[in-house]
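Coordinates from coords_7.cif are shown below (mmCIF, C-alpha atoms).
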data_input
loop_
_atom_site.group_PDB
_atom_site.id
_atom_site.type_symbol
_atom_site.label_atom_id
_atom_site.label_comp_id
_atom_site.auth_asym_id
_atom_site.auth_seq_id
_atom_site.Cartn_x
_atom_site.Cartn_y
_atom_site.Cartn_z
ATOM 1 C CA LEU A 8 -5.784 -3.164 4.771
ATOM 2 C CA ASN A 9 -5.437 -5.498 7.749
ATOM 3 C CA ALA A 10 -7.190 -7.618 10.343
ATOM 4 C CA TRP A 11 -6.098 -8.525 13.854
ATOM 5 C CA GLU A 12 -7.416 -10.017 17.062
ATOM 6 C CA GLU A 13 -7.622 -7.873 20.175
ATOM 7 C CA ASP A 14 -6.996 -9.142 23.731
ATOM 8 C CA ASP A 15 -10.709 -9.808 24.343
ATOM 9 C CA GLY A 16 -10.971 -11.903 21.158
ATOM 10 C CA THR A 17 -12.638 -9.189 19.063
ATOM 11 C CA VAL A 18 -11.481 -9.353 15.438
ATOM 12 C CA VAL A 19 -10.937 -5.935 13.856
ATOM 13 C CA LEU A 20 -10.873 -5.516 10.078
ATOM 14 C CA TRP A 21 -9.906 -2.306 8.232
ATOM 15 C CA THR A 22 -10.709 -2.443 4.542
ATOM 16 C CA PRO A 23 -11.494 -0.227 1.566
ATOM 17 C CA PHE A 24 -15.200 -0.822 0.946
ATOM 18 C CA CYS A 25 -16.997 -0.312 -2.380
ATOM 19 C CA LYS A 26 -20.803 -0.375 -2.451
ATOM 20 C CA ASN A 27 -21.137 -0.944 -6.206
ATOM 21 C CA LEU A 28 -17.993 -2.453 -7.738
ATOM 22 C CA VAL A 29 -17.888 -2.239 -11.541
ATOM 23 C CA ILE A 30 -14.891 -3.721 -13.344
ATOM 24 C CA ASP A 31 -14.644 -2.005 -16.716
ATOM 25 C CA LEU A 32 -11.117 -0.950 -17.660
ATOM 26 C CA GLU A 33 -12.418 0.734 -20.826
ATOM 27 C CA SER A 34 -14.556 3.193 -18.831
ATOM 28 C CA ASP A 35 -13.382 6.564 -17.554
ATOM 29 C CA ASP A 36 -15.517 6.051 -14.445
ATOM 30 C CA ILE A 37 -13.715 4.947 -11.295
ATOM 31 C CA ASN A 38 -15.029 2.890 -8.407
ATOM 32 C CA ARG A 39 -15.439 4.555 -5.016
ATOM 33 C CA PHE A 40 -13.784 2.905 -1.978
ATOM 34 C CA ASP A 41 -14.102 4.307 1.556
ATOM 35 C CA MET A 42 -11.999 3.057 4.488
ATOM 36 C CA VAL A 43 -14.240 1.056 6.819
ATOM 37 C CA GLU A 44 -13.637 -0.700 10.144
ATOM 38 C CA TYR A 45 -15.571 -3.861 11.013
ATOM 39 C CA ARG A 46 -15.543 -5.441 14.478
ATOM 40 C CA PHE A 47 -16.570 -9.071 15.015
ATOM 41 C CA ASP A 48 -17.011 -10.989 18.254
ATOM 42 C CA PRO A 49 -15.026 -14.252 18.697
ATOM 43 C CA GLY A 50 -17.987 -16.199 17.288
ATOM 44 C CA GLY A 51 -17.957 -14.172 14.061
ATOM 45 C CA LYS A 52 -21.032 -12.027 14.771
ATOM 46 C CA LEU A 53 -20.750 -8.498 13.406
ATOM 47 C CA LEU A 54 -20.547 -6.053 16.291
ATOM 48 C CA SER A 55 -20.072 -2.814 14.384
ATOM 49 C CA LYS A 56 -19.268 -1.184 11.061
ATOM 50 C CA GLU A 57 -17.791 2.316 11.040
ATOM 51 C CA VAL A 58 -16.676 4.429 8.098
ATOM 52 C CA ILE A 59 -13.216 5.711 9.068
ATOM 53 C CA ASP A 60 -13.058 8.086 6.107
ATOM 54 C CA ASP A 61 -15.220 8.832 3.090
ATOM 55 C CA THR A 62 -13.229 11.748 1.665
ATOM 56 C CA VAL A 63 -10.337 9.866 0.026
ATOM 57 C CA ASN A 64 -10.924 7.104 -2.538
ATOM 58 C CA VAL A 65 -8.458 4.313 -1.655
ATOM 59 C CA GLU A 66 -7.484 0.891 -2.984
ATOM 60 C CA PHE A 67 -4.560 -1.568 -2.962
ATOM 61 C CA SER A 68 -3.858 -1.826 0.752
ATOM 62 C CA VAL A 69 -0.651 -2.971 2.405
ATOM 63 C CA VAL A 70 0.799 -3.258 5.928
ATOM 64 C CA PRO A 71 4.198 -4.502 7.112
ATOM 65 C CA ASN A 72 2.834 -7.551 8.994
ATOM 66 C CA MET A 73 -0.509 -9.005 7.922
ATOM 67 C CA GLY A 74 -2.739 -10.491 10.593
ATOM 68 C CA GLU A 75 -1.340 -8.572 13.544
ATOM 69 C CA PHE A 76 -1.893 -5.028 14.706
ATOM 70 C CA ASN A 77 0.193 -2.518 12.763
ATOM 71 C CA ARG A 78 -0.087 1.104 13.712
ATOM 72 C CA TYR A 79 0.466 2.201 10.108
ATOM 73 C CA GLY A 80 -0.986 0.956 6.846
ATOM 74 C CA TYR A 81 -0.946 2.296 3.300
ATOM 75 C CA THR A 82 -3.343 2.534 0.367
ATOM 76 C CA ALA A 83 -3.187 3.949 -3.138
ATOM 77 C CA ILE A 84 -5.329 7.039 -3.797
ATOM 78 C CA GLN A 85 -7.530 7.217 -6.860
ATOM 79 C CA ASP A 86 -9.448 10.366 -7.652
ATOM 80 C CA PRO A 87 -10.961 12.240 -10.611
ATOM 81 C CA SER A 88 -7.508 13.613 -11.554
ATOM 82 C CA THR A 89 -6.461 10.115 -12.637
ATOM 83 C CA PRO A 90 -7.229 8.957 -16.190
ATOM 84 C CA GLY A 91 -9.212 5.886 -15.033
ATOM 85 C CA GLU A 92 -8.972 2.608 -13.110
ATOM 86 C CA GLY A 93 -5.455 1.505 -12.225
ATOM 87 C CA PHE A 94 -3.952 4.998 -12.158
ATOM 88 C CA PHE A 95 -3.188 6.371 -8.700
ATOM 89 C CA SER A 96 -2.621 9.983 -7.711
ATOM 90 C CA GLY A 97 -0.907 9.321 -4.384
ATOM 91 C CA ILE A 98 -0.599 7.256 -1.215
ATOM 92 C CA CYS A 99 -2.695 7.448 1.944
ATOM 93 C CA PHE A 100 -0.763 6.775 5.180
ATOM 94 C CA TRP A 101 -3.212 5.390 7.790
ATOM 95 C CA ASP A 102 -2.571 5.592 11.540
ATOM 96 C CA MET A 103 -4.806 2.821 12.899
ATOM 97 C CA ALA A 104 -4.060 3.682 16.541
ATOM 98 C CA GLU A 105 -5.103 7.327 16.182
ATOM 99 C CA ARG A 106 -7.700 6.540 13.484
ATOM 100 C CA THR A 107 -6.296 9.304 11.264
ATOM 101 C CA PHE A 108 -4.550 9.530 7.915
ATOM 102 C CA GLN A 109 -2.128 11.631 5.911
ATOM 103 C CA THR A 110 -2.110 11.892 2.127
ATOM 104 C CA VAL A 111 0.848 12.300 -0.216
ATOM 105 C CA TYR A 112 0.043 13.162 -3.816
ATOM 106 C CA HIS A 113 2.301 12.630 -6.820
ATOM 107 C CA VAL A 114 2.969 15.950 -8.554
ATOM 108 C CA ASP A 115 4.274 17.252 -11.865
ATOM 109 C CA ASP A 116 2.192 15.118 -14.267
ATOM 110 C CA LYS A 117 2.952 11.881 -12.393
ATOM 111 C CA MET A 118 0.648 8.910 -11.830
ATOM 112 C CA GLY A 119 1.642 6.134 -9.458
ATOM 113 C CA GLY A 120 1.242 2.461 -8.821
ATOM 114 C CA GLU A 121 0.265 0.609 -5.699
ATOM 115 C CA PRO A 122 2.275 1.066 -2.492
ATOM 116 C CA MET A 123 4.614 -1.646 -1.212
ATOM 117 C CA VAL A 124 6.341 -1.855 2.168
ATOM 118 C CA ALA A 125 9.879 -2.715 3.204
ATOM 119 C CA GLN A 126 10.934 -3.031 6.821
ATOM 120 C CA ASP A 127 14.493 -2.613 8.068
ATOM 121 C CA GLU A 128 15.428 -5.952 9.654
ATOM 122 C CA VAL A 129 17.687 -4.274 12.227
ATOM 123 C CA ASP A 130 15.728 -1.310 13.613
ATOM 124 C CA GLY A 131 12.205 -2.093 12.312
ATOM 125 C CA THR A 132 11.814 1.169 10.383
ATOM 126 C CA VAL A 133 9.091 0.849 7.744
ATOM 127 C CA TYR A 134 9.432 2.354 4.291
ATOM 128 C CA VAL A 135 6.763 2.667 1.603
ATOM 129 C CA GLY A 136 7.668 2.574 -2.059
ATOM 130 C CA THR A 137 5.839 3.027 -5.325
ATOM 131 C CA TYR A 138 6.578 3.427 -8.996
ATOM 132 C CA THR A 139 5.485 6.653 -10.635
ATOM 133 C CA TYR A 140 5.356 7.656 -14.275
ATOM 134 C CA ASN A 141 5.692 11.208 -15.524
ATOM 135 C CA MET A 142 3.161 11.326 -18.353
ATOM 136 C CA LYS A 143 4.694 14.498 -19.824
ATOM 137 C CA ASP A 144 8.389 13.507 -19.738
ATOM 138 C CA LYS A 145 7.613 9.787 -20.262
ATOM 139 C CA LYS A 146 9.942 8.687 -17.440
ATOM 140 C CA SER A 147 9.437 6.188 -14.611
ATOM 141 C CA TYR A 148 10.673 6.655 -11.060
ATOM 142 C CA PHE A 149 10.783 4.619 -7.878
ATOM 143 C CA VAL A 150 9.880 6.778 -4.887
ATOM 144 C CA LEU A 151 10.550 5.655 -1.307
ATOM 145 C CA TYR A 152 8.836 7.280 1.696
ATOM 146 C CA HIS A 153 9.396 6.966 5.440
ATOM 147 C CA GLY A 154 6.480 4.864 6.707
ATOM 148 C CA GLU A 155 5.588 7.087 9.678
ATOM 149 C CA THR A 156 6.416 10.620 8.533
ATOM 150 C CA ALA A 157 5.573 10.220 4.815
ATOM 151 C CA GLU A 158 8.774 12.123 3.971
ATOM 152 C CA VAL A 159 10.529 11.226 0.710
ATOM 153 C CA VAL A 160 13.649 9.156 1.442
ATOM 154 C CA CYS A 161 14.741 8.865 -2.188
ATOM 155 C CA ARG A 162 13.516 9.168 -5.754
ATOM 156 C CA ILE A 163 15.250 7.036 -8.375
ATOM 157 C CA LEU A 164 14.952 7.453 -12.149
ATOM 158 C CA MET A 165 14.332 4.008 -13.663
ATOM 159 C CA PRO A 166 16.278 3.097 -16.812
ATOM 160 C CA HIS A 167 13.087 1.865 -18.529
ATOM 161 C CA ARG A 168 9.342 2.465 -18.382
ATOM 162 C CA VAL A 169 7.633 0.660 -15.481
ATOM 163 C CA PRO A 170 4.036 -0.131 -16.484
ATOM 164 C CA TYR A 171 0.979 0.727 -14.398
ATOM 165 C CA GLY A 172 -0.251 -2.204 -12.365
ATOM 166 C CA PHE A 173 3.285 -3.414 -11.656
ATOM 167 C CA HIS A 174 2.946 -5.230 -8.337
ATOM 168 C CA GLY A 175 5.742 -5.356 -5.816
ATOM 169 C CA LYS A 176 6.607 -6.949 -2.505
ATOM 170 C CA TRP A 177 9.719 -6.479 -0.433
ATOM 171 C CA ILE A 178 11.400 -9.774 0.392
ATOM 172 C CA SER A 179 13.958 -9.864 3.186
ATOM 173 C CA MET A 180 17.288 -11.606 2.711
ATOM 174 C CA ASN A 181 16.160 -14.399 5.084
ATOM 175 C CA GLU A 182 12.935 -14.899 3.107
ATOM 176 C CA LEU A 183 14.895 -15.019 -0.151
ATOM 177 C CA ARG A 184 17.337 -17.587 1.211
ATOM 178 C CA GLY A 185 14.403 -19.637 2.529
ATOM 179 C CA HIS A 186 12.835 -19.535 -0.938
ATOM 180 C CA PHE A 187 15.983 -20.998 -2.492
ATOM 181 C CA ARG A 188 16.161 -23.755 0.150
ATOM 182 C CA ARG A 189 12.450 -24.612 -0.111
ATOM 183 C CA HIS A 190 12.719 -25.069 -3.880
ATOM 184 C CA GLY A 191 16.000 -26.972 -3.793
ATOM 185 C CA MET A 192 17.782 -24.207 -5.660
ATOM 186 C CA GLU A 193 21.409 -23.345 -5.256
ATOM 187 C CA GLU A 194 21.662 -20.024 -3.479
ATOM 188 C CA PRO A 195 23.416 -17.441 -5.624
ATOM 189 C CA GLU A 196 26.000 -15.211 -4.041
ATOM 190 C CA LEU A 197 23.954 -12.450 -2.411
ATOM 191 C CA PRO A 198 25.140 -9.259 -0.747
ATOM 192 C CA SER A 199 25.043 -9.312 3.050
ATOM 193 C CA LYS A 200 22.736 -6.245 3.148
#

Take the structure in the file and give it back as structure tokens.
Amino acid sequence: LNAWEEDDGTVVLWTPFCKNLVIDLESDDINRFDMVEYRFDPGGKLLSKEVIDDTVNVEFSVVPNMGEFNRYGYTAIQDPSTPGEGFFSGICFWDMAERTFQTVYHVDDKMGGEPMVAQDEVDGTVYVGTYTYNMKDKKSYFVLYHGETAEVVCRILMPHRVPYGFHGKWISMNELRGHFRRHGMEEPELPSK
């Protein structure tokens, strides 16, 4: 999920941890990942390992700013209601300051993909998005949540099927312009927002 250095030099790592990882996409069995916190001293010696939660099976972690403390982080939820590896039933919103979490489950025959974050460049508001697929109606949606409250901001019907496992990353306008410059590409006309 994330790692950061505290003022005293302690490195803190939050990560989904799986004791016995088995990669078999043909199996109906799913791997079990619990959220765990590791603390290391500045020399790299393990100081502690604590299971933050062992009730929600989580994978595919994301935070707005890797490598620095973020109060909130997000993981995909996989549970027995999903038809196997790579299908996610919801998103877990982690509060790393309070050491708590909130879950949001997809409903109405929907399975989701991994969460991705977007941060407003003006006010810093974080949003979490994911693609969902309604297995009954055979329609894909993009769903955007507020990163702190987990409230739905919007739900957009996609014009075509978005496959499971579709990865996503929000790229700011400045990052996109930097990409064009770095690769010697002519910058296309882009909207200002």

Record the distance separating atom CA of A:Leu54 and atom CA of A:Trp101, expressed in Å with one decimal.
->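 These atoms are spaced 22.4 Å apart.
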
Target residues per the PyMOL selection byres ((chain A and resi 97) around 10), formatted as a ChimeraX atom specification | /A:65,82-86,89,94-96,98-100,110-114,117-122,137,139

Taken to one decimal, the atom CA of A:Arg106-atom CA of A:Asp60 distance is 9.2 Å

Determine the residue set returned by the PyMOL selection byres ((chain A and resi 148) around 12) for the present structure, and present it as a compact mmCIF listing (two decimals) with C-alpha atoms, in the coordinates of the input.
# COMPACT_ATOMS: atom_id res chain seq x y z
CA HIS A 113 2.30 12.63 -6.82
CA LYS A 117 2.95 11.88 -12.39
CA MET A 118 0.65 8.91 -11.83
CA GLY A 119 1.64 6.13 -9.46
CA GLY A 120 1.24 2.46 -8.82
CA GLY A 136 7.67 2.57 -2.06
CA THR A 137 5.84 3.03 -5.32
CA TYR A 138 6.58 3.43 -9.00
CA THR A 139 5.48 6.65 -10.64
CA TYR A 140 5.36 7.66 -14.28
CA ASN A 141 5.69 11.21 -15.52
CA MET A 142 3.16 11.33 -18.35
CA ASP A 144 8.39 13.51 -19.74
CA LYS A 145 7.61 9.79 -20.26
CA LYS A 146 9.94 8.69 -17.44
CA SER A 147 9.44 6.19 -14.61
CA PHE A 149 10.78 4.62 -7.88
CA VAL A 150 9.88 6.78 -4.89
CA LEU A 151 10.55 5.66 -1.31
CA CYS A 161 14.74 8.86 -2.19
CA ARG A 162 13.52 9.17 -5.75
CA ILE A 163 15.25 7.04 -8.38
CA LEU A 164 14.95 7.45 -12.15
CA MET A 165 14.33 4.01 -13.66
CA PRO A 166 16.28 3.10 -16.81
CA HIS A 167 13.09 1.86 -18.53
CA ARG A 168 9.34 2.46 -18.38
CA VAL A 169 7.63 0.66 -15.48
CA PRO A 170 4.04 -0.13 -16.48
CA TYR A 171 0.98 0.73 -14.40

Separation of atom CA of A:Glu128 from atom CA of A:Leu183, in Å and rounded to one decimal |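 Interatomic distance here is 13.4 Å.
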
(7.1, 3.6, 2.9) in this file's frame - what residues fall within 9 Å of it? Use all atoms listed in the file and give the answer as a CSV table (one decimal) with C-alpha atoms, keeping the file's coordinate frame.
chain,number,residue,atom,x,y,z
A,81,TYR,CA,-0.9,2.3,3.3
A,100,PHE,CA,-0.8,6.8,5.2
A,122,PRO,CA,2.3,1.1,-2.5
A,123,MET,CA,4.6,-1.6,-1.2
A,124,VAL,CA,6.3,-1.9,2.2
A,125,ALA,CA,9.9,-2.7,3.2
A,126,GLN,CA,10.9,-3.0,6.8
A,133,VAL,CA,9.1,0.8,7.7
A,134,TYR,CA,9.4,2.4,4.3
A,135,VAL,CA,6.8,2.7,1.6
A,136,GLY,CA,7.7,2.6,-2.1
A,137,THR,CA,5.8,3.0,-5.3
A,150,VAL,CA,9.9,6.8,-4.9
A,151,LEU,CA,10.6,5.7,-1.3
A,152,TYR,CA,8.8,7.3,1.7
A,153,HIS,CA,9.4,7.0,5.4
A,154,GLY,CA,6.5,4.9,6.7
A,155,GLU,CA,5.6,7.1,9.7
A,157,ALA,CA,5.6,10.2,4.8
A,158,GLU,CA,8.8,12.1,4.0
A,159,VAL,CA,10.5,11.2,0.7
A,160,VAL,CA,13.6,9.2,1.4

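With all atoms listed in the file as the atoms that count, the residue of A:Tyr45, A:Leu8, A:Val58, A:Thr156 with the shortest distance to A:Gly80 is A:Leu8.
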
Distance criterion (all atoms listed in the file): nearest to A:Glu57 out of A:Gly185, A:Pro87, A:Gly74, A:Pro23 =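 The closest residue to A:Glu57 is A:Pro23.
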